[in-house]
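Right, one structure below, let's go through it.
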Amino acid sequence: MKYLLLIFLALNFKLYAQQQPDMDFPISIENPKYGVDKTALIGIDASHHNLHQLKTNFAPFAKLMCADGYNPISIEEITKQSLDPLNIFVISNALHSTNVGNWSRPIANAFSENEIDMLESWVENGGSLLVIADHMPFAGAANELAKKFGFSYEDGFVMKSGRSSWPPETYSKKAANLFETPITKGIDSIAAFTGSALMAPSDAIVIAKFPTTHRLLIPDVAWQFDESTVVKPTEKVVMGAIMKYGKGKVAFFTEAAMFTAQIVQDEIKVGFNSPTAPQNVQFVLNTLHWLDSGLIVDRTDYSVKD
């Protein structure tokens, strides 16, 4: 089977490079998690050259959090002091400085050993961590962090063989690749937009598996595929999983666009604003509500960030 998808994938890369947050996407929550007096802090990592940050591609994610009563804040450095007030800490598409603008192997670990140890200790003592690592190079950059919790990322691209159209992938309970879990209650399907692959430990709860039509492609340079590209099956890898860890909780996912709303080429909607993803907003809310550690603060002590 040939994977000569260079024209299509070059188009994908062009679209990827032109993505902009969709701040016009309407968000309305009838019964927010938090109200006028109390809120909870969701920290969004900005200390690892993250492609998705509070004021960039994760701005719609932050908008959704604000509508639900949370207060999203940007975390410029991972320290005990920055982690302690957080209800949830979100890391999305981190990179090491050596791979910024250089998406070719080797892919360096984005996190220091001290940061990884600190995050594990924080979760073990009741913190809640959401890690999202997209296709290469982001999965490679987050792999050492994932391993600390018993997970591991395959640093490649999960795609349908011979694909000739833009994603998303649809995961559904009807197709038996979206499972009944604490974060998929009331949800029939979700959409994702070309990501990596995850190995989950046996005590994790798997959220979704890839369709049997899909393969894991592992190129030497991101988005560059030919007949020499390593190709692996996807039977043993998953799209996302959640797990209790000590007193805390972790969630690991393989695709970031599904958690936010973006527009590419001024017209193509990619994320929970996509017409193919009508239940992604609820899925994101379910994920955060499951992770919610119960740590709340007085709203007057923290101003909600735009």
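In the structure tokens, each chain is lettered A, B, ... as it comes, each chain's residues begin at 1, and ligands are numbered from 1 in order of appearance.
Residues in contact range of region 266-276 of chain A, defined as at most 9 Å between only C-alpha atoms, with sequence neighbours fewer than 6 positions away removed, read Leu15, Gln18, Gln19, Gln20, Asp22, Phe25, Pro26, Pro167, Pro168, Thr170, Ile190, Ala191, Ala192, Phe193, Ala256, Ala257, Met258, Phe259, Thr260 and Val284 of chain A.
Within the 6 Å cut-off around Pro72 (chain A), using only C-alpha atoms and omitting residues fewer than 4 positions from it on the same chain, the listed residues are Leu41, Ile42, Gly43 and Ala62 of chain A.
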Write out, as a CSV table (one decimal), in the first residue's frame, the residues just selected, with N, CA, C and O atoms.
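Here's the written file part-v9.csv:
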chain,number,residue,atom,x,y,z
A,41,LEU,N,-9.4,28.1,39.1
A,41,LEU,CA,-8.4,28.5,38.2
A,41,LEU,C,-7.9,27.4,37.3
A,41,LEU,O,-7.6,26.3,37.8
A,42,ILE,N,-8.0,27.6,36.0
A,42,ILE,CA,-7.4,26.7,35.1
A,42,ILE,C,-6.1,27.3,34.5
A,42,ILE,O,-6.2,28.3,33.8
A,43,GLY,N,-5.0,26.7,34.8
A,43,GLY,CA,-3.7,27.2,34.2
A,43,GLY,C,-3.5,26.6,32.9
A,43,GLY,O,-3.7,25.4,32.6
A,62,ALA,N,-10.3,29.1,26.3
A,62,ALA,CA,-10.4,29.9,27.4
A,62,ALA,C,-11.8,30.6,27.5
A,62,ALA,O,-12.4,30.8,28.6
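Nearest residue to Glu154 (chain A) among A:Pro182, A:Gly69, A:Pro211, A:Pro219 is A:Pro219, counting only C-alpha atoms.
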Exercise for the section: Excluding Gln279 (chain A) and residues on its chain fewer than 4 positions from it, collect all residues at most 7 Å away from it, counting only C-alpha atoms, and give them as a ChimeraX atom specification. Expected result: /A:187,189-190,283
Produce a file of the selected residues containing C-alpha atoms, as a short mmCIF file (atom, residue, chain, number, x, y, z; two decimals), in the first residue's frame.
data_model
loop_
_atom_site.label_atom_id
_atom_site.label_comp_id
_atom_site.auth_asym_id
_atom_site.auth_seq_id
_atom_site.Cartn_x
_atom_site.Cartn_y
_atom_site.Cartn_z
CA ILE A 187 -22.32 12.16 24.01
CA SER A 189 -19.83 11.33 18.80
CA ILE A 190 -16.83 13.65 18.81
CA PHE A 283 -17.08 16.83 25.56
#
Go through region 175-242 of chain A and flag each residue having an atom no more than 12 Å from region 107-112 of chain A; for those, report the closest pair of atoms plus their distance in Å to one decimal, using only C-alpha atoms, ordered by chain and rising number, as a Markdown table.
| residue | atom | partner | partner_atom | distance |
| --- | --- | --- | --- | --- |
| A:Pro219 | CA | A:Ile107 | CA | 11.8 |
| A:Asp220 | CA | A:Ile107 | CA | 9.9 |
| A:Val221 | CA | A:Ile107 | CA | 10.0 |
| A:Ala222 | CA | A:Ile107 | CA | 10.6 |
Mind checking which residues fall within 12 Å of Val237 (chain A), counting only C-alpha atoms, ignoring those fewer than 4 positions away in the same chain, and posting them as an mmCIF file with all heavy atoms, in the first residue's frame?
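Written out: around-v4.cif:
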data_model
loop_
_atom_site.group_PDB
_atom_site.id
_atom_site.type_symbol
_atom_site.label_atom_id
_atom_site.label_comp_id
_atom_site.auth_asym_id
_atom_site.auth_seq_id
_atom_site.Cartn_x
_atom_site.Cartn_y
_atom_site.Cartn_z
ATOM 1 N N PHE A 151 1.966 6.520 30.679
ATOM 2 C CA PHE A 151 1.527 6.621 29.289
ATOM 3 C C PHE A 151 2.755 6.779 28.385
ATOM 4 O O PHE A 151 3.862 6.989 28.864
ATOM 5 C CB PHE A 151 0.625 7.851 29.097
ATOM 6 C CG PHE A 151 -0.676 7.798 29.849
ATOM 7 C CD1 PHE A 151 -0.731 8.099 31.205
ATOM 8 C CD2 PHE A 151 -1.861 7.460 29.204
ATOM 9 C CE1 PHE A 151 -1.934 8.059 31.909
ATOM 10 C CE2 PHE A 151 -3.073 7.420 29.893
ATOM 11 C CZ PHE A 151 -3.100 7.718 31.250
ATOM 12 N N SER A 152 2.542 6.699 27.077
ATOM 13 C CA SER A 152 3.601 7.061 26.137
ATOM 14 C C SER A 152 2.979 7.446 24.806
ATOM 15 O O SER A 152 1.937 6.922 24.415
ATOM 16 C CB SER A 152 4.609 5.922 25.944
ATOM 17 O OG SER A 152 4.009 4.800 25.328
ATOM 18 N N TYR A 153 3.615 8.397 24.147
ATOM 19 C CA TYR A 153 3.154 8.877 22.845
ATOM 20 C C TYR A 153 3.971 8.259 21.717
ATOM 21 O O TYR A 153 5.181 8.055 21.846
ATOM 22 C CB TYR A 153 3.293 10.393 22.751
ATOM 23 C CG TYR A 153 2.201 11.181 23.445
ATOM 24 C CD1 TYR A 153 2.445 11.823 24.651
ATOM 25 C CD2 TYR A 153 0.933 11.282 22.882
ATOM 26 C CE1 TYR A 153 1.435 12.555 25.286
ATOM 27 C CE2 TYR A 153 -0.073 12.004 23.505
ATOM 28 C CZ TYR A 153 0.187 12.646 24.707
ATOM 29 O OH TYR A 153 -0.808 13.360 25.317
ATOM 30 N N GLU A 154 3.295 7.969 20.611
ATOM 31 C CA GLU A 154 3.955 7.615 19.356
ATOM 32 C C GLU A 154 4.025 8.893 18.536
ATOM 33 O O GLU A 154 2.992 9.463 18.172
ATOM 34 C CB GLU A 154 3.155 6.546 18.605
ATOM 35 C CG GLU A 154 3.252 5.160 19.217
ATOM 36 C CD GLU A 154 4.468 4.396 18.712
ATOM 37 O OE1 GLU A 154 5.354 5.016 18.090
ATOM 38 O OE2 GLU A 154 4.518 3.175 18.931
ATOM 39 N N ASP A 155 5.231 9.347 18.249
ATOM 40 C CA ASP A 155 5.423 10.663 17.642
ATOM 41 C C ASP A 155 5.266 10.595 16.126
ATOM 42 O O ASP A 155 6.242 10.577 15.382
ATOM 43 C CB ASP A 155 6.804 11.202 18.007
ATOM 44 C CG ASP A 155 6.962 12.674 17.658
ATOM 45 O OD1 ASP A 155 5.930 13.374 17.593
ATOM 46 O OD2 ASP A 155 8.103 13.110 17.452
ATOM 47 N N GLY A 156 4.020 10.556 15.676
ATOM 48 C CA GLY A 156 3.756 10.496 14.243
ATOM 49 C C GLY A 156 2.423 11.112 13.915
ATOM 50 O O GLY A 156 1.934 12.012 14.596
ATOM 51 N N VAL A 158 -1.576 9.919 12.819
ATOM 52 C CA VAL A 158 -2.563 8.868 12.584
ATOM 53 C C VAL A 158 -3.498 9.346 11.485
ATOM 54 O O VAL A 158 -4.152 10.381 11.604
ATOM 55 C CB VAL A 158 -3.352 8.533 13.856
ATOM 56 C CG1 VAL A 158 -4.481 7.553 13.526
ATOM 57 C CG2 VAL A 158 -2.424 7.942 14.904
ATOM 58 N N SER A 196 -1.672 12.474 16.985
ATOM 59 C CA SER A 196 -0.683 11.432 17.222
ATOM 60 C C SER A 196 -1.379 10.196 17.792
ATOM 61 O O SER A 196 -2.584 10.025 17.625
ATOM 62 C CB SER A 196 0.384 11.950 18.192
ATOM 63 O OG SER A 196 -0.208 12.302 19.437
ATOM 64 N N ALA A 197 -0.627 9.332 18.460
ATOM 65 C CA ALA A 197 -1.177 8.108 19.039
ATOM 66 C C ALA A 197 -0.635 7.934 20.445
ATOM 67 O O ALA A 197 0.480 8.361 20.764
ATOM 68 C CB ALA A 197 -0.812 6.903 18.171
ATOM 69 N N LEU A 198 -1.424 7.286 21.293
ATOM 70 C CA LEU A 198 -1.109 7.164 22.709
ATOM 71 C C LEU A 198 -1.174 5.712 23.151
ATOM 72 O O LEU A 198 -2.104 4.985 22.809
ATOM 73 C CB LEU A 198 -2.120 7.992 23.513
ATOM 74 C CG LEU A 198 -1.976 8.037 25.034
ATOM 75 C CD1 LEU A 198 -0.762 8.865 25.426
ATOM 76 C CD2 LEU A 198 -3.244 8.623 25.666
ATOM 77 N N MET A 199 -0.179 5.307 23.930
ATOM 78 C CA MET A 199 -0.230 4.026 24.629
ATOM 79 C C MET A 199 -0.667 4.316 26.055
ATOM 80 O O MET A 199 -0.074 5.163 26.733
ATOM 81 C CB MET A 199 1.141 3.353 24.631
ATOM 82 C CG MET A 199 1.618 2.911 23.264
ATOM 83 S SD MET A 199 0.758 1.420 22.682
ATOM 84 C CE MET A 199 1.387 0.194 23.824
ATOM 85 N N ALA A 200 -1.720 3.629 26.522
ATOM 86 C CA ALA A 200 -2.263 3.891 27.849
ATOM 87 C C ALA A 200 -2.021 2.707 28.774
ATOM 88 O O ALA A 200 -2.067 1.552 28.335
ATOM 89 C CB ALA A 200 -3.760 4.176 27.754
ATOM 90 N N PRO A 201 -1.771 2.954 30.051
ATOM 91 C CA PRO A 201 -1.604 1.835 31.000
ATOM 92 C C PRO A 201 -2.912 1.093 31.215
ATOM 93 O O PRO A 201 -3.992 1.601 30.914
ATOM 94 C CB PRO A 201 -1.142 2.545 32.277
ATOM 95 C CG PRO A 201 -1.638 3.945 32.160
ATOM 96 C CD PRO A 201 -1.630 4.267 30.697
ATOM 97 N N VAL A 206 -9.909 4.222 28.633
ATOM 98 C CA VAL A 206 -9.742 4.645 27.241
ATOM 99 C C VAL A 206 -11.009 5.362 26.772
ATOM 100 O O VAL A 206 -12.120 4.861 26.965
ATOM 101 C CB VAL A 206 -9.436 3.444 26.333
ATOM 102 C CG1 VAL A 206 -9.421 3.865 24.861
ATOM 103 C CG2 VAL A 206 -8.088 2.825 26.718
ATOM 104 N N ILE A 207 -10.820 6.515 26.151
ATOM 105 C CA ILE A 207 -11.949 7.312 25.667
ATOM 106 C C ILE A 207 -12.334 6.910 24.248
ATOM 107 O O ILE A 207 -13.510 6.736 23.934
ATOM 108 C CB ILE A 207 -11.610 8.809 25.699
ATOM 109 C CG1 ILE A 207 -11.174 9.222 27.102
ATOM 110 C CG2 ILE A 207 -12.798 9.644 25.213
ATOM 111 C CD1 ILE A 207 -12.164 8.903 28.191
ATOM 112 N N ALA A 208 -11.342 6.754 23.388
ATOM 113 C CA ALA A 208 -11.632 6.424 21.987
ATOM 114 C C ALA A 208 -10.433 5.720 21.373
ATOM 115 O O ALA A 208 -9.281 5.976 21.736
ATOM 116 C CB ALA A 208 -11.953 7.696 21.194
ATOM 117 N N LYS A 209 -10.729 4.818 20.443
ATOM 118 C CA LYS A 209 -9.699 4.155 19.648
ATOM 119 C C LYS A 209 -9.840 4.584 18.198
ATOM 120 O O LYS A 209 -10.896 5.056 17.771
ATOM 121 C CB LYS A 209 -9.813 2.631 19.767
ATOM 122 C CG LYS A 209 -9.348 2.085 21.104
ATOM 123 C CD LYS A 209 -9.273 0.564 21.069
ATOM 124 C CE LYS A 209 -8.674 0.024 22.354
ATOM 125 N NZ LYS A 209 -8.538 -1.472 22.323
ATOM 126 N N PHE A 210 -8.778 4.374 17.452
ATOM 127 C CA PHE A 210 -8.795 4.777 16.054
ATOM 128 C C PHE A 210 -9.552 3.764 15.194
ATOM 129 O O PHE A 210 -9.566 2.569 15.504
ATOM 130 C CB PHE A 210 -7.360 4.926 15.524
ATOM 131 C CG PHE A 210 -6.568 5.953 16.266
ATOM 132 C CD1 PHE A 210 -5.560 5.590 17.142
ATOM 133 C CD2 PHE A 210 -6.841 7.310 16.101
ATOM 134 C CE1 PHE A 210 -4.833 6.540 17.841
ATOM 135 C CE2 PHE A 210 -6.119 8.273 16.788
ATOM 136 C CZ PHE A 210 -5.117 7.888 17.670
ATOM 137 N N PRO A 211 -10.184 4.244 14.119
ATOM 138 C CA PRO A 211 -10.834 3.317 13.189
ATOM 139 C C PRO A 211 -9.822 2.317 12.627
ATOM 140 O O PRO A 211 -8.623 2.623 12.509
ATOM 141 C CB PRO A 211 -11.367 4.240 12.084
ATOM 142 C CG PRO A 211 -11.474 5.588 12.734
ATOM 143 C CD PRO A 211 -10.346 5.649 13.717
ATOM 144 N N THR A 212 -10.286 1.140 12.278
ATOM 145 C CA THR A 212 -9.386 0.109 11.753
ATOM 146 C C THR A 212 -8.780 0.496 10.406
ATOM 147 O O THR A 212 -7.807 -0.107 9.964
ATOM 148 C CB THR A 212 -10.138 -1.216 11.604
ATOM 149 O OG1 THR A 212 -11.283 -1.014 10.756
ATOM 150 C CG2 THR A 212 -10.607 -1.727 12.951
ATOM 151 N N HIS A 214 -7.216 3.175 9.836
ATOM 152 C CA HIS A 214 -6.150 4.144 10.058
ATOM 153 C C HIS A 214 -4.813 3.487 10.362
ATOM 154 O O HIS A 214 -4.752 2.373 10.897
ATOM 155 C CB HIS A 214 -6.533 5.097 11.183
ATOM 156 C CG HIS A 214 -7.570 6.097 10.787
ATOM 157 N ND1 HIS A 214 -8.757 5.742 10.184
ATOM 158 C CD2 HIS A 214 -7.600 7.450 10.886
ATOM 159 C CE1 HIS A 214 -9.471 6.825 9.932
ATOM 160 N NE2 HIS A 214 -8.792 7.874 10.361
ATOM 161 N N ARG A 215 -3.759 4.203 10.028
ATOM 162 C CA ARG A 215 -2.393 3.773 10.284
ATOM 163 C C ARG A 215 -1.621 4.916 10.921
ATOM 164 O O ARG A 215 -1.959 6.085 10.766
ATOM 165 C CB ARG A 215 -1.698 3.345 8.979
ATOM 166 C CG ARG A 215 -2.368 2.178 8.267
ATOM 167 C CD ARG A 215 -2.239 0.887 9.060
ATOM 168 N NE ARG A 215 -2.882 -0.239 8.374
ATOM 169 C CZ ARG A 215 -4.125 -0.619 8.569
ATOM 170 N NH1 ARG A 215 -4.904 0.049 9.408
ATOM 171 N NH2 ARG A 215 -4.623 -1.651 7.922
ATOM 172 N N LEU A 216 -0.567 4.555 11.631
ATOM 173 C CA LEU A 216 0.330 5.537 12.233
ATOM 174 C C LEU A 216 1.534 5.722 11.314
ATOM 175 O O LEU A 216 2.286 4.774 11.061
ATOM 176 C CB LEU A 216 0.788 5.059 13.613
ATOM 177 C CG LEU A 216 1.880 5.879 14.290
ATOM 178 C CD1 LEU A 216 1.379 7.283 14.627
ATOM 179 C CD2 LEU A 216 2.369 5.169 15.557
ATOM 180 N N LYS A 232 2.870 2.036 10.965
ATOM 181 C CA LYS A 232 2.522 1.077 12.014
ATOM 182 C C LYS A 232 1.012 0.921 12.108
ATOM 183 O O LYS A 232 0.270 1.853 11.786
ATOM 184 C CB LYS A 232 3.066 1.547 13.370
ATOM 185 C CG LYS A 232 4.580 1.573 13.488
ATOM 186 C CD LYS A 232 4.985 1.974 14.915
ATOM 187 C CE LYS A 232 6.474 1.953 15.110
ATOM 188 N NZ LYS A 232 6.845 2.305 16.512
ATOM 189 N N PRO A 233 0.539 -0.226 12.599
ATOM 190 C CA PRO A 233 -0.903 -0.398 12.838
ATOM 191 C C PRO A 233 -1.330 0.408 14.063
ATOM 192 O O PRO A 233 -0.494 0.860 14.852
ATOM 193 C CB PRO A 233 -1.042 -1.898 13.087
ATOM 194 C CG PRO A 233 0.309 -2.310 13.610
ATOM 195 C CD PRO A 233 1.308 -1.437 12.905
ATOM 196 N N ALA A 241 -7.166 9.027 26.862
ATOM 197 C CA ALA A 241 -7.463 8.220 28.040
ATOM 198 C C ALA A 241 -7.384 9.084 29.288
ATOM 199 O O ALA A 241 -6.688 10.102 29.312
ATOM 200 C CB ALA A 241 -6.499 7.036 28.145
ATOM 201 N N PHE A 253 -4.435 13.285 25.746
ATOM 202 C CA PHE A 253 -5.075 13.245 24.433
ATOM 203 C C PHE A 253 -4.051 13.500 23.332
ATOM 204 O O PHE A 253 -2.954 14.004 23.580
ATOM 205 C CB PHE A 253 -6.222 14.263 24.361
ATOM 206 C CG PHE A 253 -7.445 13.836 25.117
ATOM 207 C CD1 PHE A 253 -7.626 14.215 26.442
ATOM 208 C CD2 PHE A 253 -8.391 13.024 24.526
ATOM 209 C CE1 PHE A 253 -8.734 13.804 27.159
ATOM 210 C CE2 PHE A 253 -9.511 12.597 25.232
ATOM 211 C CZ PHE A 253 -9.681 12.997 26.546
ATOM 212 N N THR A 254 -4.464 13.152 22.110
ATOM 213 C CA THR A 254 -3.541 13.153 20.983
ATOM 214 C C THR A 254 -3.869 14.195 19.921
ATOM 215 O O THR A 254 -3.281 14.172 18.833
ATOM 216 C CB THR A 254 -3.542 11.766 20.313
ATOM 217 O OG1 THR A 254 -4.876 11.472 19.859
ATOM 218 C CG2 THR A 254 -3.080 10.683 21.273
#
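Picture a line from CA of Asp134 (chain A) to CA of Leu51 (chain A); it runs 10.0 Å.
Going from CA of Val36 (chain A) to CA of Trp290 (chain A) covers 21.6 Å.
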Using only C-alpha atoms, what table do you get, as a tab-separated table, when you list each residue of region 53-96 of chain A with an atom no more than 6 Å from region 122-131 of chain A, its nearest pair of atoms, and their distance in Å rounded to one decimal, rows by chain then rising number?
residue	atom	partner	partner_atom	distance
A:Ile88	CA	A:Ser128	CA	4.9
A:Phe89	CA	A:Leu129	CA	5.0
A:Val90	CA	A:Leu130	CA	4.7
A:Ile91	CA	A:Val131	CA	4.9
A:Ser92	CA	A:Val131	CA	6.0
I need the residues from that last selection saved to file as a short mmCIF file (atom, residue, chain, number, x, y, z; two decimals), in the first residue's frame (with C-alpha atoms), if you can.
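Full text of result04.cif as output:
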data_model
loop_
_atom_site.label_atom_id
_atom_site.label_comp_id
_atom_site.auth_asym_id
_atom_site.auth_seq_id
_atom_site.Cartn_x
_atom_site.Cartn_y
_atom_site.Cartn_z
CA ILE A 88 -6.60 22.12 36.65
CA PHE A 89 -3.37 22.56 34.68
CA VAL A 90 -3.52 22.24 30.89
CA ILE A 91 -0.47 21.60 28.71
CA SER A 92 -1.11 21.68 24.97
#
